[in-house]
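Structure below is data.tsv: TSV, C-alpha atoms.
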```tsv
chain	number	residue	atom	x	y	z
A	1	ILE	CA	133.16	126.26	187.87
A	2	SER	CA	134.37	122.70	187.71
A	3	TYR	CA	133.95	120.51	184.66
A	4	LYS	CA	131.35	118.39	186.47
A	5	GLN	CA	129.34	121.48	187.42
A	6	LYS	CA	129.35	122.63	183.78
A	7	ILE	CA	128.00	119.26	182.69
A	8	ASP	CA	125.29	119.43	185.36
A	9	LEU	CA	124.28	122.94	184.26
A	10	PHE	CA	124.18	121.84	180.63
A	11	ILE	CA	121.94	118.86	181.46
A	12	LEU	CA	119.65	121.09	183.56
A	13	SER	CA	119.35	123.68	180.78
A	14	GLU	CA	118.51	120.97	178.25
A	15	MET	CA	115.84	119.57	180.57
A	16	LEU	CA	114.27	123.01	180.98
A	17	SER	CA	114.39	123.62	177.23
A	18	GLU	CA	112.73	120.27	176.57
A	19	LYS	CA	110.08	121.07	179.15
A	20	ASN	CA	109.38	124.43	177.49
A	21	ARG	CA	109.21	122.82	174.06
A	22	ASN	CA	106.76	120.22	175.36
A	23	PHE	CA	104.68	122.94	177.02
A	24	TYR	CA	104.40	125.08	173.88
A	25	SER	CA	103.80	122.00	171.75
A	26	PHE	CA	100.99	120.95	174.10
A	27	LYS	CA	99.53	124.46	174.11
A	28	LYS	CA	99.70	124.56	170.31
A	29	SER	CA	98.02	121.15	169.98
A	30	LYS	CA	95.23	122.29	172.34
A	31	SER	CA	94.60	125.43	170.29
A	32	LEU	CA	94.65	123.71	166.91
A	33	PRO	CA	91.12	122.17	167.08
A	34	ILE	CA	89.70	125.52	168.25
A	35	PHE	CA	91.42	127.34	165.39
A	36	PHE	CA	90.18	124.73	162.91
A	37	LEU	CA	86.59	124.97	164.20
A	38	PHE	CA	86.74	128.77	164.22
A	39	ILE	CA	87.71	128.84	160.54
A	40	LEU	CA	85.10	126.18	159.72
A	41	SER	CA	82.34	128.01	161.61
A	42	LEU	CA	83.36	131.33	160.02
A	43	LEU	CA	83.02	129.81	156.55
A	44	TYR	CA	79.74	128.24	157.65
A	45	ALA	CA	78.45	131.61	158.84
A	46	VAL	CA	79.41	133.33	155.58
A	47	VAL	CA	78.05	130.60	153.28
A	48	LEU	CA	74.87	130.20	155.33
A	49	ASN	CA	73.83	133.82	155.15
A	50	ILE	CA	72.10	135.72	152.40
A	51	SER	CA	73.03	139.17	151.14
A	52	ILE	CA	72.94	142.07	153.58
A	53	LYS	CA	70.18	143.79	151.59
A	54	ASP	CA	67.97	140.71	151.84
A	55	SER	CA	68.83	140.33	155.52
A	56	LEU	CA	67.76	143.91	156.24
A	57	GLY	CA	64.59	143.41	154.24
A	58	ILE	CA	63.34	140.37	156.17
A	59	THR	CA	64.71	141.00	159.68
A	60	SER	CA	61.81	141.27	162.12
A	61	LEU	CA	61.41	144.72	163.64
A	62	GLU	CA	61.59	143.61	167.27
A	63	ASP	CA	64.74	141.51	166.80
A	64	GLY	CA	67.01	143.64	164.62
A	65	SER	CA	69.36	146.43	165.67
A	66	ILE	CA	68.65	148.85	162.80
A	67	LEU	CA	65.17	150.10	163.77
A	68	PRO	CA	66.04	150.87	167.43
A	69	SER	CA	69.11	152.77	166.26
A	70	LEU	CA	67.10	154.90	163.83
A	71	VAL	CA	64.36	155.65	166.35
A	72	PHE	CA	66.83	156.42	169.14
A	73	LYS	CA	68.74	158.91	166.97
A	74	ASN	CA	65.75	160.43	165.16
A	75	PRO	CA	62.64	159.95	167.36
A	76	SER	CA	60.74	162.75	165.58
A	77	TYR	CA	60.66	160.68	162.36
A	78	PHE	CA	58.58	158.00	164.10
A	79	THR	CA	56.06	160.10	166.05
A	80	ASN	CA	53.04	158.32	164.57
A	81	ASP	CA	54.63	154.89	164.13
A	82	TRP	CA	53.29	152.72	166.95
A	83	PHE	CA	55.26	149.66	165.94
A	84	ALA	CA	58.56	151.53	165.76
A	85	GLN	CA	58.00	153.27	169.10
A	86	ASN	CA	57.08	150.12	171.02
A	87	TYR	CA	59.76	147.90	169.49
A	88	SER	CA	62.48	150.51	169.90
A	89	PHE	CA	61.60	150.96	173.57
A	90	LEU	CA	62.29	147.25	174.10
A	91	MET	CA	65.84	147.76	172.84
A	92	TRP	CA	66.92	148.32	176.47
A	93	THR	CA	66.35	144.62	177.14
A	94	SER	CA	69.21	143.47	174.86
A	95	ILE	CA	72.76	144.66	174.28
A	96	THR	CA	72.38	143.65	170.62
A	97	LYS	CA	69.98	146.59	170.28
A	98	TRP	CA	70.98	149.31	172.72
A	99	LEU	CA	74.72	149.10	171.97
A	100	PRO	CA	74.30	149.78	168.21
A	101	ALA	CA	71.74	152.51	169.03
A	102	ILE	CA	74.07	154.33	171.43
A	103	LEU	CA	77.05	154.04	169.08
A	104	PHE	CA	74.93	155.34	166.20
A	105	LYS	CA	73.55	158.32	168.11
A	106	PHE	CA	76.71	159.51	169.82
A	107	LEU	CA	79.50	158.25	167.54
A	108	SER	CA	77.59	158.03	164.21
A	109	LEU	CA	78.71	154.42	163.79
A	110	ASP	CA	76.42	152.82	161.23
A	111	PRO	CA	74.47	150.00	162.97
A	112	ILE	CA	74.81	147.87	159.85
A	113	TYR	CA	78.32	146.91	161.01
A	114	LEU	CA	77.06	145.40	164.24
A	115	HIS	CA	74.13	143.87	162.33
A	116	ILE	CA	76.69	141.95	160.24
A	117	PHE	CA	78.88	141.20	163.27
A	118	PHE	CA	76.04	139.62	165.25
A	119	ILE	CA	74.93	137.53	162.25
A	120	VAL	CA	78.43	136.06	161.91
A	121	VAL	CA	79.00	135.62	165.65
A	122	GLN	CA	75.87	133.59	166.41
A	123	PRO	CA	76.85	130.33	164.62
A	124	ILE	CA	80.50	130.71	165.64
A	125	GLY	CA	79.52	131.03	169.29
A	126	ILE	CA	77.28	127.96	169.14
A	127	ILE	CA	79.90	125.77	167.45
A	128	LEU	CA	82.85	126.79	169.64
A	129	GLY	CA	80.66	126.69	172.74
A	130	THR	CA	79.66	123.13	171.87
A	131	TYR	CA	83.33	122.19	171.53
A	132	GLN	CA	84.21	123.59	174.96
A	133	LEU	CA	81.19	122.02	176.65
A	134	SER	CA	81.74	118.61	175.04
A	135	LYS	CA	85.43	118.61	175.91
A	136	GLN	CA	84.70	119.38	179.56
A	137	LEU	CA	81.85	116.89	179.67
A	138	PHE	CA	83.71	113.86	178.30
A	139	ASN	CA	87.37	114.97	178.43
A	140	SER	CA	87.80	114.07	174.78
A	141	ARG	CA	88.74	116.39	171.93
A	142	LYS	CA	87.63	113.75	169.44
A	143	ILE	CA	84.09	113.78	170.84
A	144	ALA	CA	84.15	117.58	171.08
A	145	ILE	CA	85.15	118.02	167.44
A	146	LEU	CA	82.60	115.47	166.25
A	147	ALA	CA	79.83	117.12	168.31
A	148	SER	CA	80.78	120.53	166.87
A	149	VAL	CA	80.60	119.18	163.32
A	150	PHE	CA	77.17	117.74	164.13
A	151	MET	CA	76.12	121.26	165.18
A	152	ILE	CA	76.93	122.45	161.66
A	153	ILE	CA	75.32	119.53	159.83
A	154	TYR	CA	72.36	118.85	162.08
A	155	THR	CA	71.56	122.23	163.76
A	156	PRO	CA	69.90	120.47	166.75
A	157	TYR	CA	69.05	123.76	168.48
A	158	PHE	CA	66.24	124.10	165.93
A	159	ASN	CA	64.69	120.99	167.52
A	160	ASN	CA	62.62	122.31	170.41
A	161	ILE	CA	59.01	122.46	171.57
A	162	ALA	CA	58.93	126.29	171.41
A	163	TRP	CA	59.17	126.45	167.61
A	164	TYR	CA	62.40	128.45	167.47
A	165	GLY	CA	64.24	127.81	164.26
A	166	ASP	CA	66.21	129.29	161.39
A	167	GLN	CA	66.61	133.11	161.65
A	168	PHE	CA	70.34	132.90	160.89
A	169	TYR	CA	69.67	135.55	158.25
A	170	MET	CA	69.36	138.19	160.99
A	171	PRO	CA	70.97	138.99	164.36
A	172	TYR	CA	68.60	136.92	166.48
A	173	PRO	CA	69.30	137.36	170.24
A	174	THR	CA	68.01	133.83	170.98
A	175	TRP	CA	70.80	132.29	168.89
A	176	ILE	CA	73.47	134.86	169.83
A	177	SER	CA	73.00	134.06	173.53
A	178	ILE	CA	73.45	130.28	173.10
A	179	GLY	CA	77.23	130.56	172.63
A	180	PRO	CA	77.86	132.40	175.94
A	181	ILE	CA	75.50	129.98	177.73
A	182	LEU	CA	77.46	126.97	176.46
A	183	PHE	CA	80.75	128.62	177.49
A	184	ALA	CA	79.22	129.28	180.93
A	185	TRP	CA	78.23	125.62	181.12
A	186	ALA	CA	81.77	124.53	180.26
A	187	GLY	CA	83.13	126.92	182.89
A	188	HIS	CA	80.80	125.44	185.47
A	189	LEU	CA	82.02	121.92	184.70
A	190	GLU	CA	85.58	123.24	185.18
A	191	ASN	CA	84.44	124.61	188.54
A	192	LYS	CA	85.46	128.14	187.49
A	193	LYS	CA	82.74	130.24	189.08
A	194	ILE	CA	83.93	133.67	187.96
A	195	LYS	CA	84.25	132.51	184.36
A	196	THR	CA	80.78	130.94	184.53
A	197	PHE	CA	79.27	134.06	186.11
A	198	LEU	CA	80.76	136.36	183.44
A	199	TRP	CA	79.60	134.20	180.52
A	200	ILE	CA	76.06	133.79	181.85
A	201	SER	CA	75.92	137.54	182.58
A	202	LEU	CA	76.87	138.25	178.96
A	203	ALA	CA	74.12	135.88	177.82
A	204	ALA	CA	71.65	137.71	180.09
A	205	LEU	CA	72.66	141.03	178.55
A	206	ILE	CA	71.91	139.57	175.12
A	207	HIS	CA	68.64	137.79	175.95
A	208	PRO	CA	67.41	137.67	179.58
A	209	ALA	CA	64.74	134.96	179.10
A	210	MET	CA	67.02	132.73	177.02
A	211	SER	CA	69.77	133.15	179.58
A	212	LEU	CA	67.35	132.21	182.38
A	213	CYS	CA	66.37	129.01	180.55
A	214	GLY	CA	70.03	128.26	179.91
A	215	ALA	CA	70.92	128.85	183.56
A	216	ILE	CA	68.11	126.52	184.65
A	217	SER	CA	69.44	123.89	182.23
A	218	ILE	CA	72.92	124.20	183.72
A	219	ALA	CA	71.59	124.09	187.27
A	220	ILE	CA	69.53	120.93	186.90
A	221	MET	CA	71.55	118.97	184.34
A	222	SER	CA	75.18	119.55	185.36
A	223	ASP	CA	75.50	117.09	188.24
A	224	PHE	CA	76.05	114.19	185.86
A	225	SER	CA	78.04	112.07	188.30
A	226	SER	CA	75.05	111.51	190.58
A	227	GLN	CA	72.18	109.17	189.78
A	228	LYS	CA	69.85	111.18	192.01
A	229	PHE	CA	67.97	114.18	190.70
A	230	ASN	CA	67.79	116.74	193.51
A	231	PHE	CA	66.19	119.78	191.91
A	232	VAL	CA	66.11	121.99	195.05
A	233	ASN	CA	69.70	121.15	196.02
A	234	ASN	CA	70.95	121.91	192.51
A	235	ILE	CA	69.18	125.28	192.41
A	236	ILE	CA	70.51	126.34	195.84
A	237	HIS	CA	74.13	125.41	195.13
A	238	LYS	CA	74.07	126.97	191.68
A	239	ALA	CA	72.39	130.24	192.63
A	240	TYR	CA	75.33	132.25	191.27
A	241	ILE	CA	74.47	130.94	187.79
A	242	LEU	CA	70.80	131.90	188.10
A	243	LEU	CA	71.18	135.35	189.69
A	244	PRO	CA	72.36	137.32	186.61
A	245	SER	CA	69.57	135.85	184.49
A	246	ILE	CA	66.93	136.51	187.15
A	247	PHE	CA	68.16	140.08	187.61
A	248	PHE	CA	68.15	140.97	183.89
A	249	SER	CA	64.85	139.15	183.33
A	250	PHE	CA	63.27	141.22	186.10
A	251	LEU	CA	64.82	144.35	184.60
A	252	ALA	CA	63.35	143.48	181.19
A	253	PHE	CA	59.96	142.95	182.85
A	254	LEU	CA	60.14	146.42	184.44
A	255	ILE	CA	61.18	148.02	181.14
A	256	GLN	CA	58.11	146.60	179.44
A	257	LYS	CA	55.87	147.76	182.29
A	258	PHE	CA	57.20	151.32	182.12
A	259	ASN	CA	56.64	151.62	178.38
A	260	THR	CA	54.84	154.97	177.97
A	261	PHE	CA	54.24	154.74	174.24
A	262	THR	CA	50.77	154.16	172.83
A	263	PRO	CA	50.27	150.37	172.82
A	264	ILE	CA	49.76	148.54	169.55
A	265	PRO	CA	45.98	147.96	169.14
A	266	THR	CA	45.06	144.33	169.82
A	267	TYR	CA	42.63	144.28	166.89
A	268	TRP	CA	45.64	144.56	164.57
A	269	PHE	CA	46.41	140.96	165.40
A	270	ALA	CA	44.39	138.18	163.77
A	271	LYS	CA	43.29	136.26	166.88
A	272	SER	CA	45.55	136.84	169.83
A	273	ASN	CA	48.72	138.64	170.77
A	274	ASP	CA	50.15	135.40	172.18
A	275	ALA	CA	53.37	134.34	170.49
A	276	VAL	CA	53.32	130.90	168.88
A	277	HIS	CA	56.37	129.98	170.98
A	278	TRP	CA	54.17	129.95	174.06
A	279	TYR	CA	51.75	127.29	172.89
A	280	SER	CA	53.68	125.27	170.29
A	281	TRP	CA	54.05	122.48	172.87
A	282	LYS	CA	50.52	121.45	171.87
A	283	LEU	CA	50.59	118.35	169.69
A	284	ILE	CA	47.86	119.38	167.28
A	285	PRO	CA	48.13	117.61	163.90
A	286	GLY	CA	48.02	120.00	160.98
A	287	GLN	CA	49.60	122.93	162.84
A	288	THR	CA	52.90	124.25	161.49
A	289	TRP	CA	54.80	123.45	164.70
A	290	PHE	CA	53.37	119.93	165.17
A	291	SER	CA	56.10	118.02	163.32
A	292	ILE	CA	59.04	119.72	165.04
A	293	THR	CA	57.53	119.36	168.54
A	294	LEU	CA	56.78	115.69	167.91
A	295	TYR	CA	60.22	115.09	166.38
A	296	THR	CA	61.97	116.74	169.33
A	297	SER	CA	60.05	114.57	171.79
A	298	ILE	CA	60.92	111.40	169.86
A	299	PHE	CA	64.57	112.49	169.54
A	300	ILE	CA	65.03	113.00	173.29
A	301	TYR	CA	63.29	109.73	174.14
A	302	THR	CA	65.39	107.85	171.54
A	303	ILE	CA	68.66	109.13	173.05
A	304	TYR	CA	67.43	108.01	176.47
A	305	ASN	CA	66.61	104.52	175.17
A	306	ILE	CA	69.94	104.14	173.37
A	307	SER	CA	71.76	104.98	176.60
A	308	LYS	CA	69.92	102.15	178.35
A	309	THR	CA	70.75	99.47	175.78
A	310	LYS	CA	73.29	96.68	176.28
A	311	PHE	CA	75.67	98.71	174.14
A	312	THR	CA	75.99	101.43	176.80
A	313	PHE	CA	74.35	100.16	179.98
A	314	THR	CA	77.67	99.62	181.75
A	315	ASN	CA	78.55	103.30	181.35
A	316	THR	CA	77.02	104.99	184.40
A	317	GLU	CA	77.99	108.46	183.18
A	318	ILE	CA	76.03	108.09	179.94
A	319	SER	CA	73.04	106.67	181.79
A	320	ASN	CA	73.01	109.57	184.27
A	321	ILE	CA	73.29	112.21	181.55
A	322	SER	CA	70.49	110.76	179.42
A	323	SER	CA	68.22	110.40	182.45
A	324	LYS	CA	68.65	114.04	183.39
A	325	ILE	CA	68.17	115.16	179.80
A	326	LEU	CA	64.83	113.33	179.70
A	327	ILE	CA	63.71	114.63	183.10
A	328	THR	CA	64.65	118.21	182.20
A	329	PHE	CA	62.83	117.93	178.88
A	330	LEU	CA	59.65	116.59	180.51
A	331	ALA	CA	59.80	119.16	183.32
A	332	SER	CA	60.10	122.11	180.91
A	333	TYR	CA	57.31	120.68	178.75
A	334	PHE	CA	55.03	120.25	181.76
A	335	PHE	CA	55.80	123.66	183.27
A	336	GLN	CA	55.20	125.53	180.01
A	337	ALA	CA	51.96	123.63	179.38
A	338	LEU	CA	50.73	124.15	182.94
A	339	SER	CA	51.52	127.88	183.11
A	340	TYR	CA	49.87	128.46	179.72
A	341	THR	CA	46.78	126.44	180.64
A	342	LEU	CA	46.44	128.40	183.90
A	343	LYS	CA	46.94	131.67	181.95
A	344	LEU	CA	49.96	132.72	184.01
A	345	LYS	CA	51.38	134.99	181.34
A	346	THR	CA	54.26	136.29	183.45
A	347	LEU	CA	55.55	132.71	183.55
A	348	TYR	CA	54.63	131.22	180.19
A	349	SER	CA	55.87	134.33	178.32
A	350	ILE	CA	59.38	133.37	179.46
A	351	SER	CA	58.85	130.40	177.13
A	352	PHE	CA	60.33	127.55	179.13
A	353	GLY	CA	60.22	125.50	175.96
A	354	ARG	CA	63.56	127.19	175.24
A	355	ILE	CA	65.09	124.73	177.72
A	356	THR	CA	64.50	121.97	175.16
A	357	ILE	CA	66.98	123.74	172.88
A	358	PHE	CA	69.67	122.73	175.38
A	359	THR	CA	68.36	119.20	175.86
A	360	SER	CA	68.64	118.77	172.08
A	361	ILE	CA	72.19	120.18	172.05
A	362	ILE	CA	73.33	117.85	174.85
A	363	SER	CA	71.57	114.92	173.18
A	364	THR	CA	73.54	115.60	170.00
A	365	VAL	CA	76.75	115.62	172.03
A	366	MET	CA	75.62	112.22	173.32
A	367	ILE	CA	75.41	110.94	169.74
A	368	ALA	CA	79.06	111.89	169.27
A	369	LYS	CA	79.83	109.99	172.48
A	370	PHE	CA	77.95	106.91	171.25
A	371	ILE	CA	79.96	106.92	168.01
A	372	VAL	CA	83.33	107.26	169.75
A	373	LEU	CA	82.40	104.82	172.55
```
Written as structure tokens, how would this file's structure read?
Amino acid sequence: ISYKQKIDLFILSEMLSEKNRNFYSFKKSKSLPIFFLFILSLLYAVVLNISIKDSLGITSLEDGSILPSLVFKNPSYFTNDWFAQNYSFLMWTSITKWLPAILFKFLSLDPIYLHIFFIVVQPIGIILGTYQLSKQLFNSRKIAILASVFMIIYTPYFNNIAWYGDQFYMPYPTWISIGPILFAWAGHLENKKIKTFLWISLAALIHPAMSLCGAISIAIMSDFSSQKFNFVNNIIHKAYILLPSIFFSFLAFLIQKFNTFTPIPTYWFAKSNDAVHWYSWKLIPGQTWFSITLYTSIFIYTIYNISKTKFTFTNTEISNISSKILITFLASYFFQALSYTLKLKTLYSISFGRITIFTSIISTVMIAKFIVL
């Protein structure tokens, strides 16, 4: 090899080395915010939660993983327990219940471990999911980090017209499913259909109805670049997002219909067996849910108005997003109210007010955008 060729090879090797260094440096810098937020959300999850004994003591029977596991392994102990029988039968609607039950029965793995795991995972999933969604939405890590911090400080997912809030002291499928839904949303904005399908399927395994509301939110709010709001077109082109949620929701419906256990007597309930989530859209002063429903409505409308001010009116993207947030919020409000008024329980029991959880999350991301703008 000539001297000139040696020099050329040396220069080429240095260029490749520099390229590799830049690549790994870039990859490291991309991972750093995620690592930071993971540690922060882990500390948040640990500090936020009470002792395990207290958590077990106040976890609602139908939401926890302990009762289904005990009933599934030792059904004879609960022969005359109507509550235990009915709630444990519903465990087949959520992986957070049937997975611990199966592992407990066949592998003797104490369900308390998954109880703790799910409690820790739910805030971590929401925070990291917000980061991924915000980054894809605005292509800015600064906005994504700020929005994720707002999730910790502000907990906007508690602002909804269906009166879902708190419950971080127990493995609550509604909150556990939000993380996968947000990751699915981010995958959809990346145009990665397989990734989106897998994440939304996981969410459906956790909570079919919540996943359905999340899928609807993705389907009707994701086309942020267009000023038009074509509901039918969005649903048709995003069918792959909706199908897993529809399938598992239908499966959950069938499971409830085939429940052979003695039903819980209706006279055990004070007035009605309707869940408060189904009618908390009603703005009735003095009711426990009134303030949060009113606040959520004002919050969404305020974000919409800010986006239309002189401060942001030149930004078409912000205007489009806020418009679709408002339309989605009003549509979910109207549909829940209408189905409940018409006594269509199959529809209103899905609790479409859950969709306003996602309008509040996206609105909070918008606040981060306003600050960085």
Quick one: residues within 10 Å of Leu347 of chain A, only C-alpha atoms counted, chain neighbours fewer than 4 positions away excluded, as number ranges by chain? A: 278, 335-336, 338-340, 343, 351-352
Using all atoms listed in the file for the distances, tell me which of A:Ile306, A:Leu67, A:Leu373, A:Leu254 is nearest to Thr346 of chain A. A:Leu254
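The nearest approach to Leu109 of chain A among the residues A:Ala186, A:Val46, A:Leu70, A:Ile357, with all atoms listed in the file taken into account, belongs to A:Leu70.
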Measuring atom to atom with all atoms listed in the file, identify which of A:Asp274, A:Asp166, A:Asp63, A:Asp110 is nearest to Asn49 of chain A.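 Among the listed residues, A:Asp166 lies closest to Asn49 of chain A.
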Length of the atom CA of Asn74 of chain A to atom CA of Ala275 of chain A vector [Å]: 29.4 Å
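Atom to atom, atom CA of Leu48 of chain A and atom CA of Gln122 of chain A stand 11.6 Å apart.
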Gly125 of chain A: which residues within 8 Å, counting only C-alpha atoms, same-chain residues fewer than 3 positions away excluded, as a short mmCIF file (atom, residue, chain, number, x, y, z; two decimals) with C-alpha atoms, keeping the file's coordinate frame?
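Okay, out-v6.cif is ready:
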```cif
data_model
loop_
_atom_site.label_atom_id
_atom_site.label_comp_id
_atom_site.auth_asym_id
_atom_site.auth_seq_id
_atom_site.Cartn_x
_atom_site.Cartn_y
_atom_site.Cartn_z
CA VAL A 121 79.00 135.62 165.65
CA GLN A 122 75.87 133.59 166.41
CA LEU A 128 82.85 126.79 169.64
CA GLY A 129 80.66 126.69 172.74
CA ILE A 176 73.47 134.86 169.83
CA ILE A 178 73.45 130.28 173.10
CA GLY A 179 77.23 130.56 172.63
CA PRO A 180 77.86 132.40 175.94
#
```
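Atom CA of Trp92 of chain A to atom CA of Phe248 of chain A spans 10.5 Å [interatomic distance, one decimal].
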